[in-house]
Number of protein chains: 4
Amino acid sequence: MTRVGVVGATGYAGAELVRLLAGHPEVDLTILTSRQYAGVSFSDIYPAFTGVVGLACEAYSIDAVSDNADILFTALPHKLPMEIVPGLVASGKKVIDLSADFRFSNAAAYEAAYTEHTAKELLERSAYGLSEVFTDRIRNADIIGNPGCYPTSVLLPLAPLLKAGMLVPETIIADSKSGVSGAGRGLSVTSLYSEVAESFKAYKVAAHRHEPEMEEILSAIAGVDVNITFVPHLLPMHRGMETTIYAGLSRDAADKDIYDCLAGYYADRRFIRISETGRPPDTRNVRGSNYCDIGFVIDRDHRRLILMSVIDNLVKGAAGQAVQNMNIMLGLEESTGLDMVPFPV
Amino acid sequence: MTRVGVVGATGYAGAELVRLLAGHPEVDLTILTSRQYAGVSFSDIYPAFTGVVGLACEAYSIDAVSDNADILFTALPHKLPMEIVPGLVASGKKVIDLSADFRFSNAAAYEAAYTEHTAKELLERSAYGLSEVFTDRIRNADIIGNPGCYPTSVLLPLAPLLKAGMLVPETIIADSKSGVSGAGRGLSVTSLYSEVAESFKAYKVAAHRHEPEMEEILSAIAGVDVNITFVPHLLPMHRGMETTIYAGLSRDAADKDIYDCLAGYYADRRFIRISETGRPPDTRNVRGSNYCDIGFVIDRDHRRLILMSVIDNLVKGAAGQAVQNMNIMLGLEESTGLDMVPFPV
Amino acid sequence: MTRVGVVGATGYAGAELVRLLAGHPEVDLTILTSRQYAGVSFSDIYPAFTGVVGLACEAYSIDAVSDNADILFTALPHKLPMEIVPGLVASGKKVIDLSADFRFSNAAAYEAAYTEHTAKELLERSAYGLSEVFTDRIRNADIIGNPGCYPTSVLLPLAPLLKAGMLVPETIIADSKSGVSGAGRGLSVTSLYSEVAESFKAYKVAAHRHEPEMEEILSAIAGVDVNITFVPHLLPMHRGMETTIYAGLSRDAADKDIYDCLAGYYADRRFIRISETGRPPDTRNVRGSNYCDIGFVIDRDHRRLILMSVIDNLVKGAAGQAVQNMNIMLGLEESTGLDMVPFPV
Amino acid sequence: MTRVGVVGATGYAGAELVRLLAGHPEVDLTILTSRQYAGVSFSDIYPAFTGVVGLACEAYSIDAVSDNADILFTALPHKLPMEIVPGLVASGKKVIDLSADFRFSNAAAYEAAYTEHTAKELLERSAYGLSEVFTDRIRNADIIGNPGCYPTSVLLPLAPLLKAGMLVPETIIADSKSGVSGAGRGLSVTSLYSEVAESFKAYKVAAHRHEPEMEEILSAIAGVDVNITFVPHLLPMHRGMETTIYAGLSRDAADKDIYDCLAGYYADRRFIRISETGRPPDTRNVRGSNYCDIGFVIDRDHRRLILMSVIDNLVKGAAGQAVQNMNIMLGLEESTGLDMVPFPV
């Protein structure tokens, strides 16, 4: 059994990692760290885990973590991973990082969006963890820069079509809507129930930090510079993300052409489900699961493709994809421990 | 005091009309009709109105309605208004119809989207009730075709800019998100709490009946054919609608240009609030009120304008705008009875 | 016009006071204070008030407040009002305080539940602001200790029956459920959307600070010591509170006896609506309004009365009752500025 | 592998059975029936199951069902199971029925609450499926009358204490709050999103059909007639049920006495978690799982015990407990296929 640990276990992504790893048949969850809750039993913080997870949180130390785990998941705010990952890698550990720190191959792009990168030398040993797109690199990487939830929902439907040259890059618009768990467990007026319920708005319009992340990957896939318009919105719900993408078609295409391109690219990849029927995907259908459902409609009047994708932002958009990447790294079936049936009801 | 009645008072739009008219200082609410609840006290159907509205519902008859009211609001499924409005108009009544039946000046466009139009001769006596845009026609019309909620949210931000020639018509994309009250009180699995809560999806992608309604009006405003891409989505909330619009700018424009165009067009119109700051509008800020808040961001990389509008779909998107139109027809201050402060909290 | 001010205007109760006072026809809202937001336009904090409230928040100073207002609403955490109210009263102002500081006539009871009381001498000049029960005292008081939301929902149904000796005091159990806005706008993990939505639990079981407040008032009404069991619960909703009360009947009673006792006590009081039919009251029916709806069922097998009450916790449970008390103090009709029709839809 | 089928698979309880049985390692899900959707692929009705469940719904026929399954779950409205279960049992099948038809050992009690019982002779071959309380009978029964969700939440905390004689039976009051999924997928105005969201009310006060079911079982456990007061309420949420119970203690008791009684009774039963600390249980902590969490507080002023329980009404309150009963019948570990970690986040 591989020993795994979660560094930063008490935020929402961390807790979701614990939920998934606690039920994973091929790993032992051996260590959880938390600055805020060091010394506190995990099941006192999240009583849901009573009888399921017996670990207490520890303060992070490289020794404790290295002695107890072979693979580490880091679920920390960006900048902190850059500080601890070099030591972990030096001691032979594999790291799956859920922050932005190891998502960019181009340090300058990271620095433009975030802050100075202090572990640039590790970028070439890291892979962007979009599981279905970069499987081979993930298999051999020491570090995974696990994708953001927005990029996951935008990149998965676009990748096959951009790669096939079917879309006009400069026309791409992604209108995304996210459940509030994406904002994490940090305290903020904008995350209060009374501010979120029965409310809807855009935010960080054409200015979200996830946009450069998407553009770097899209450009790599397309082989040309891709610069998109991205507008995120906040949904009055907890889990779930939907993205509606508008893109000009570079040539006339029938429904079958679009379907074949998507379905061909994702052949044999269990977690990507493409709708043949034009039925728009619904976040309910992926709730609690690692699926990404994709649907599309061609707007013939404008030779424009409308793509829609849904994910559970905490699963395929964070912890689930991280576990999927671990499975790939370990040579396991990629769905090991992730075969949860979604909760449509 | 003008006597007013509501035909079809027990659906959500009808009940919202009752709420607004019961508190209106210049009208007497004299008659409510309902097929399903004829003979039942309105406050037995909606106990919230106990002590506020003493009327019982009646079955519709032209005599009862004509004898008791000077202005009628019809809140019925499309097709029914076409059957009863001719008689009402013939007996000298004014009608504000919340269905699609009198929204189109072009009967063929109506028929393509709905069904055969059986009162075509009245279309020239009706005005499209987008209060701030067609004020003069509304003042003098016998019939108001009160706009749909989606068109209201799409047309108000676009009208000034299209009229000024600042947008490239064929690039317009409207991505709308609606609270579920827009689907009304009819029984449908898709409106059940358990299907809507914690769920989000697109529906009728590029195929919603409100699209031709928008296109007829936009074309009239722009003076050229405008054909847009419209994708509605269903929000897990009750009241509120947000639309994010993407449109190519026909020439370079500064923030001030956009603001001035919008603010100039709506000068002195109390219910339209334009944000100067780029802060995206939030449905909370218009909840329970007749406001339409509009914000915008220019995406300079693509010379693309991102417009955002929010309304309460039951107020500015239905009953509130209907009352505003009544005020205009009666020569009252347009905000009479509509000066509710929104409920941000 | 009476000039009024709100001290602590930016919390939820404060903002609701602003909403109600901005629409009140007999008062001028002249000053808003906030420590956190001094110098900031109120409509920048709550954009919903754009075009409605033009005031900026000021830091509190007795001079600014005294110069500008005749009646002050204090919406602050307990302890702060004790510090500022003495000065306000000394300068001839009337104060309606929404904290616990002036709710108790017995300082010891306050101190047992809260902290040392530093303005005990003012307790005899203050009235408990349960509008329908203590109308006369409210009319003549200098200070109103405005009731908590839980006590309002518990006391209004119990007062008439306890006064009439129809209930066995030691059997009273109140099981209350509150929307999360009752917890205010303060930052707390337990108020985050992701913790509240799709979740329900009891808290502070038989240990809530509102229990002594209820017991002091119930004892005064009954003329004997009343000691109840009170269990609050947190609802996954924003506004609204329901209390189900179980109490042994001191003698056999018919439905009509209960109804007559309640309806007789509240005769001519517009905001109390008693159901004759046994239909349980629903929070929707009072949403956004100052109503308290009361229903009841007699459980004959146990000679036990089941009482149910609903209020909007921010209106009748806080800001609305405060305005009602102001109306009483000013000799106005008690519903002035409070005649909002509820939002059942 | 045991072959299992679900009769009535498309309601919420049916779909939850499918979710659980599809992931169960020791059974094969072989047949799904639905009157309404005969011939339709299950994953067209619930797209969440695409790639997970390949079955289409069939119309019910005893031959199809008997040929394909060894154990049948019937998730039908009451009365229908009485019609089909006799045939199934006659052909040697085991049946786990989620309706009320086989919950009562006393046919007269059933008939008083429901309708004439047409399969009385089978009542003695059926066991009440409260898994932890009637384990032995369940193991040997041909038919399981699977408990209602309300009874499960009421009986589990009460059973040990009543059995031990620690409670005064006639003082028991159960105040329950249920998520709306308990009302099923049937069409009803009261289940619409717009009627449920931001709303809370009691219903069927002291008149719910589940009350006689509880009383029969409680009386059997206590050995004396137990007649309780039961008030259900409807929560604005999908899944989850909380019950707060008030009961007089028959003798003074310390916290440890209560804890020991509960923990002793449920020793080694994985799905019952008793809180030692007085922390009230939260529905979040059992969401999506088969747990029942129980907490308690002693109200010493009244020698009254306050018990609180939470379940996921679709899992422990319906489909999960049904699967647990199947496991018991098959001699499997009772948690087989039910070891889902709850979703606190």
# chains A, B, ... in the order shown; residues from 1 in each chain; ligands from 1
>>> interface_residues(of="chain D", to="chain C", cutoff="9 Å", atoms="only C-alpha atoms", output="JSON, numbers by chain")
{"D": [170, 171, 173, 175, 177, 179, 194, 195, 196, 197, 198, 199, 200, 201, 202, 203, 204, 205, 206, 227, 228, 229, 231, 235, 236, 237, 238, 239, 240, 241, 242, 244, 246, 278, 279, 280, 281, 282, 283, 284, 285, 287, 296, 297, 298, 299, 301, 302, 304, 306, 308, 310, 344, 345]}
>>> residues_around(residues="segment 146-152 of chain B", least_positions_apart="2", cutoff="7 Å", atoms="only C-alpha atoms", output="list of chain:residue names")
B:Ile96, B:Asp97, B:Leu98, B:Arg103, B:Tyr128, B:Gly129, B:Leu130, B:Ile144, B:Val154, B:Leu155, B:Leu156, B:His210, B:Met214, B:Asn313, B:Gly317, B:Ala318, B:Ala322
>>> select_by_dssp(residues="segment 110-256 of chain D", states="strand (DSSP E or B)", output="JSON, numbers by chain")
{"D": [126, 127, 128, 143, 144, 145, 167, 173, 174, 175, 176, 177, 178, 192, 201, 202, 229, 230, 231, 232, 233, 234, 241, 242, 243, 244, 245, 246, 247, 248, 249]}
>>> residues_around(residues="segment 70-81 of chain C", least_positions_apart="3", cutoff="6 Å", atoms="only C-alpha atoms", output="PDB file with N, CA, C and O atoms, in the first residue's frame")
ATOM      1  N   ARG C   3     -36.317  63.484  12.785  1.00  0.00           N
ATOM      2  CA  ARG C   3     -35.024  63.074  12.226  1.00  0.00           C
ATOM      3  C   ARG C   3     -34.550  61.816  12.955  1.00  0.00           C
ATOM      4  O   ARG C   3     -34.556  61.765  14.181  1.00  0.00           O
ATOM      5  N   VAL C   4     -34.159  60.825  12.196  1.00  0.00           N
ATOM      6  CA  VAL C   4     -33.731  59.570  12.812  1.00  0.00           C
ATOM      7  C   VAL C   4     -32.356  59.163  12.291  1.00  0.00           C
ATOM      8  O   VAL C   4     -31.967  59.507  11.168  1.00  0.00           O
ATOM      9  N   GLY C   5     -31.637  58.421  13.116  1.00  0.00           N
ATOM     10  CA  GLY C   5     -30.323  57.924  12.733  1.00  0.00           C
ATOM     11  C   GLY C   5     -30.157  56.476  13.133  1.00  0.00           C
ATOM     12  O   GLY C   5     -30.871  55.972  14.004  1.00  0.00           O
ATOM     13  N   VAL C   6     -29.238  55.823  12.468  1.00  0.00           N
ATOM     14  CA  VAL C   6     -28.937  54.424  12.782  1.00  0.00           C
ATOM     15  C   VAL C   6     -27.461  54.329  13.184  1.00  0.00           C
ATOM     16  O   VAL C   6     -26.573  54.665  12.393  1.00  0.00           O
ATOM     17  N   VAL C   7     -27.244  53.890  14.391  1.00  0.00           N
ATOM     18  CA  VAL C   7     -25.881  53.703  14.891  1.00  0.00           C
ATOM     19  C   VAL C   7     -25.524  52.224  14.702  1.00  0.00           C
ATOM     20  O   VAL C   7     -26.142  51.354  15.318  1.00  0.00           O
ATOM     21  N   GLY C   8     -24.574  51.985  13.826  1.00  0.00           N
ATOM     22  CA  GLY C   8     -24.252  50.596  13.476  1.00  0.00           C
ATOM     23  C   GLY C   8     -25.113  50.178  12.297  1.00  0.00           C
ATOM     24  O   GLY C   8     -25.910  49.248  12.386  1.00  0.00           O
ATOM     25  N   GLY C  14     -28.966  46.572  10.881  1.00  0.00           N
ATOM     26  CA  GLY C  14     -28.796  47.977  10.531  1.00  0.00           C
ATOM     27  C   GLY C  14     -29.258  48.274   9.121  1.00  0.00           C
ATOM     28  O   GLY C  14     -29.988  49.241   8.863  1.00  0.00           O
ATOM     29  N   ILE C  84     -22.972  54.104  25.175  1.00  0.00           N
ATOM     30  CA  ILE C  84     -23.338  55.353  24.490  1.00  0.00           C
ATOM     31  C   ILE C  84     -24.747  55.834  24.799  1.00  0.00           C
ATOM     32  O   ILE C  84     -25.024  57.024  24.693  1.00  0.00           O
ATOM     33  N   VAL C  85     -25.601  54.923  25.207  1.00  0.00           N
ATOM     34  CA  VAL C  85     -26.994  55.348  25.417  1.00  0.00           C
ATOM     35  C   VAL C  85     -27.134  56.366  26.557  1.00  0.00           C
ATOM     36  O   VAL C  85     -27.915  57.323  26.431  1.00  0.00           O
ATOM     37  N   LYS C  93     -32.354  62.571  23.778  1.00  0.00           N
ATOM     38  CA  LYS C  93     -32.747  61.732  22.655  1.00  0.00           C
ATOM     39  C   LYS C  93     -33.518  60.507  23.138  1.00  0.00           C
ATOM     40  O   LYS C  93     -33.361  60.044  24.257  1.00  0.00           O
ATOM     41  N   LYS C  94     -34.331  59.976  22.260  1.00  0.00           N
ATOM     42  CA  LYS C  94     -34.958  58.671  22.495  1.00  0.00           C
ATOM     43  C   LYS C  94     -34.107  57.626  21.771  1.00  0.00           C
ATOM     44  O   LYS C  94     -33.562  57.896  20.693  1.00  0.00           O
ATOM     45  N   VAL C  95     -34.023  56.468  22.365  1.00  0.00           N
ATOM     46  CA  VAL C  95     -33.175  55.424  21.785  1.00  0.00           C
ATOM     47  C   VAL C  95     -33.950  54.109  21.673  1.00  0.00           C
ATOM     48  O   VAL C  95     -34.622  53.695  22.631  1.00  0.00           O
ATOM     49  N   ILE C  96     -33.863  53.516  20.536  1.00  0.00           N
ATOM     50  CA  ILE C  96     -34.403  52.168  20.340  1.00  0.00           C
ATOM     51  C   ILE C  96     -33.205  51.262  20.095  1.00  0.00           C
ATOM     52  O   ILE C  96     -32.528  51.363  19.071  1.00  0.00           O
ATOM     53  N   ASP C  97     -32.931  50.422  21.083  1.00  0.00           N
ATOM     54  CA  ASP C  97     -31.706  49.620  21.068  1.00  0.00           C
ATOM     55  C   ASP C  97     -32.035  48.175  20.694  1.00  0.00           C
ATOM     56  O   ASP C  97     -32.853  47.527  21.336  1.00  0.00           O
ATOM     57  N   LEU C  98     -31.348  47.681  19.683  1.00  0.00           N
ATOM     58  CA  LEU C  98     -31.630  46.314  19.228  1.00  0.00           C
ATOM     59  C   LEU C  98     -30.791  45.250  19.929  1.00  0.00           C
ATOM     60  O   LEU C  98     -30.950  44.063  19.649  1.00  0.00           O
ATOM     61  N   SER C  99     -29.920  45.651  20.823  1.00  0.00           N
ATOM     62  CA  SER C  99     -29.128  44.655  21.562  1.00  0.00           C
ATOM     63  C   SER C  99     -29.893  44.215  22.807  1.00  0.00           C
ATOM     64  O   SER C  99     -31.031  44.626  23.049  1.00  0.00           O
ATOM     65  N   ALA C 100     -29.248  43.396  23.617  1.00  0.00           N
ATOM     66  CA  ALA C 100     -29.869  42.918  24.852  1.00  0.00           C
ATOM     67  C   ALA C 100     -29.749  43.918  26.001  1.00  0.00           C
ATOM     68  O   ALA C 100     -30.364  43.733  27.055  1.00  0.00           O
ATOM     69  N   ASP C 101     -28.984  44.992  25.823  1.00  0.00           N
ATOM     70  CA  ASP C 101     -28.596  45.810  26.978  1.00  0.00           C
ATOM     71  C   ASP C 101     -29.759  46.429  27.755  1.00  0.00           C
ATOM     72  O   ASP C 101     -29.643  46.653  28.965  1.00  0.00           O
TER      73      ASP C 101
END
>>> select_by_dssp(residues="segment 22-167 of chain A", states="alpha helix (DSSP H)", output="count of residues only")
51
>>> decode(residues="segment 78-146 of chain C", atoms="C-alpha atoms", output="mmCIF file, in the first residue's frame")
data_model
loop_
_atom_site.group_PDB
_atom_site.id
_atom_site.type_symbol
_atom_site.label_atom_id
_atom_site.label_comp_id
_atom_site.auth_asym_id
_atom_site.auth_seq_id
_atom_site.Cartn_x
_atom_site.Cartn_y
_atom_site.Cartn_z
ATOM 1 C CA HIS C 78 -24.363 44.108 23.325
ATOM 2 C CA LYS C 79 -22.171 46.116 25.734
ATOM 3 C CA LEU C 80 -21.568 48.958 23.273
ATOM 4 C CA PRO C 81 -25.074 50.400 23.702
ATOM 5 C CA MET C 82 -24.609 50.619 27.473
ATOM 6 C CA GLU C 83 -21.672 52.886 26.803
ATOM 7 C CA ILE C 84 -23.338 55.353 24.490
ATOM 8 C CA VAL C 85 -26.994 55.348 25.417
ATOM 9 C CA PRO C 86 -26.554 57.236 28.710
ATOM 10 C CA GLY C 87 -25.086 60.186 26.844
ATOM 11 C CA LEU C 88 -27.818 60.129 24.224
ATOM 12 C CA VAL C 89 -30.564 60.044 26.808
ATOM 13 C CA ALA C 90 -28.898 62.805 28.765
ATOM 14 C CA SER C 91 -29.039 64.964 25.676
ATOM 15 C CA GLY C 92 -32.751 64.340 25.361
ATOM 16 C CA LYS C 93 -32.747 61.732 22.655
ATOM 17 C CA LYS C 94 -34.958 58.671 22.495
ATOM 18 C CA VAL C 95 -33.175 55.424 21.785
ATOM 19 C CA ILE C 96 -34.403 52.168 20.340
ATOM 20 C CA ASP C 97 -31.706 49.620 21.068
ATOM 21 C CA LEU C 98 -31.630 46.314 19.228
ATOM 22 C CA SER C 99 -29.128 44.655 21.562
ATOM 23 C CA ALA C 100 -29.869 42.918 24.852
ATOM 24 C CA ASP C 101 -28.596 45.810 26.978
ATOM 25 C CA PHE C 102 -31.961 47.362 27.796
ATOM 26 C CA ARG C 103 -34.244 44.337 27.551
ATOM 27 C CA PHE C 104 -34.072 43.266 31.161
ATOM 28 C CA SER C 105 -35.685 45.103 34.035
ATOM 29 C CA ASN C 106 -33.660 42.914 36.352
ATOM 30 C CA ALA C 107 -29.973 43.758 35.956
ATOM 31 C CA ALA C 108 -28.929 40.561 37.677
ATOM 32 C CA ALA C 109 -30.657 38.474 35.058
ATOM 33 C CA TYR C 110 -28.852 40.456 32.356
ATOM 34 C CA GLU C 111 -25.545 40.023 34.099
ATOM 35 C CA ALA C 112 -26.017 36.289 34.491
ATOM 36 C CA ALA C 113 -26.499 35.916 30.749
ATOM 37 C CA TYR C 114 -24.205 38.641 29.422
ATOM 38 C CA THR C 115 -21.806 40.828 31.380
ATOM 39 C CA GLU C 116 -21.721 43.526 34.027
ATOM 40 C CA HIS C 117 -24.383 46.140 33.410
ATOM 41 C CA THR C 118 -22.930 49.624 33.502
ATOM 42 C CA ALA C 119 -26.087 51.656 33.033
ATOM 43 C CA LYS C 120 -28.454 50.043 35.514
ATOM 44 C CA GLU C 121 -30.032 53.363 36.408
ATOM 45 C CA LEU C 122 -31.540 53.544 32.923
ATOM 46 C CA LEU C 123 -33.364 50.235 33.120
ATOM 47 C CA GLU C 124 -36.383 51.822 34.750
ATOM 48 C CA ARG C 125 -36.624 54.367 31.962
ATOM 49 C CA SER C 126 -36.604 51.626 29.352
ATOM 50 C CA ALA C 127 -39.460 49.455 28.082
ATOM 51 C CA TYR C 128 -39.326 45.991 26.594
ATOM 52 C CA GLY C 129 -40.291 46.596 23.021
ATOM 53 C CA LEU C 130 -42.678 43.751 22.347
ATOM 54 C CA SER C 131 -44.987 46.143 20.575
ATOM 55 C CA GLU C 132 -48.355 44.491 21.038
ATOM 56 C CA VAL C 133 -47.783 43.443 24.641
ATOM 57 C CA PHE C 134 -46.170 46.514 26.173
ATOM 58 C CA THR C 135 -47.689 49.267 24.055
ATOM 59 C CA ASP C 136 -48.343 51.673 26.866
ATOM 60 C CA ARG C 137 -44.915 51.442 28.402
ATOM 61 C CA ILE C 138 -43.317 51.799 24.977
ATOM 62 C CA ARG C 139 -45.273 54.979 24.330
ATOM 63 C CA ASN C 140 -43.763 56.675 27.343
ATOM 64 C CA ALA C 141 -40.293 55.202 27.525
ATOM 65 C CA ASP C 142 -37.016 56.945 26.759
ATOM 66 C CA ILE C 143 -35.314 53.757 25.778
ATOM 67 C CA ILE C 144 -36.675 50.681 24.078
ATOM 68 C CA GLY C 145 -34.990 47.361 24.638
ATOM 69 C CA ASN C 146 -36.062 45.884 21.332
#
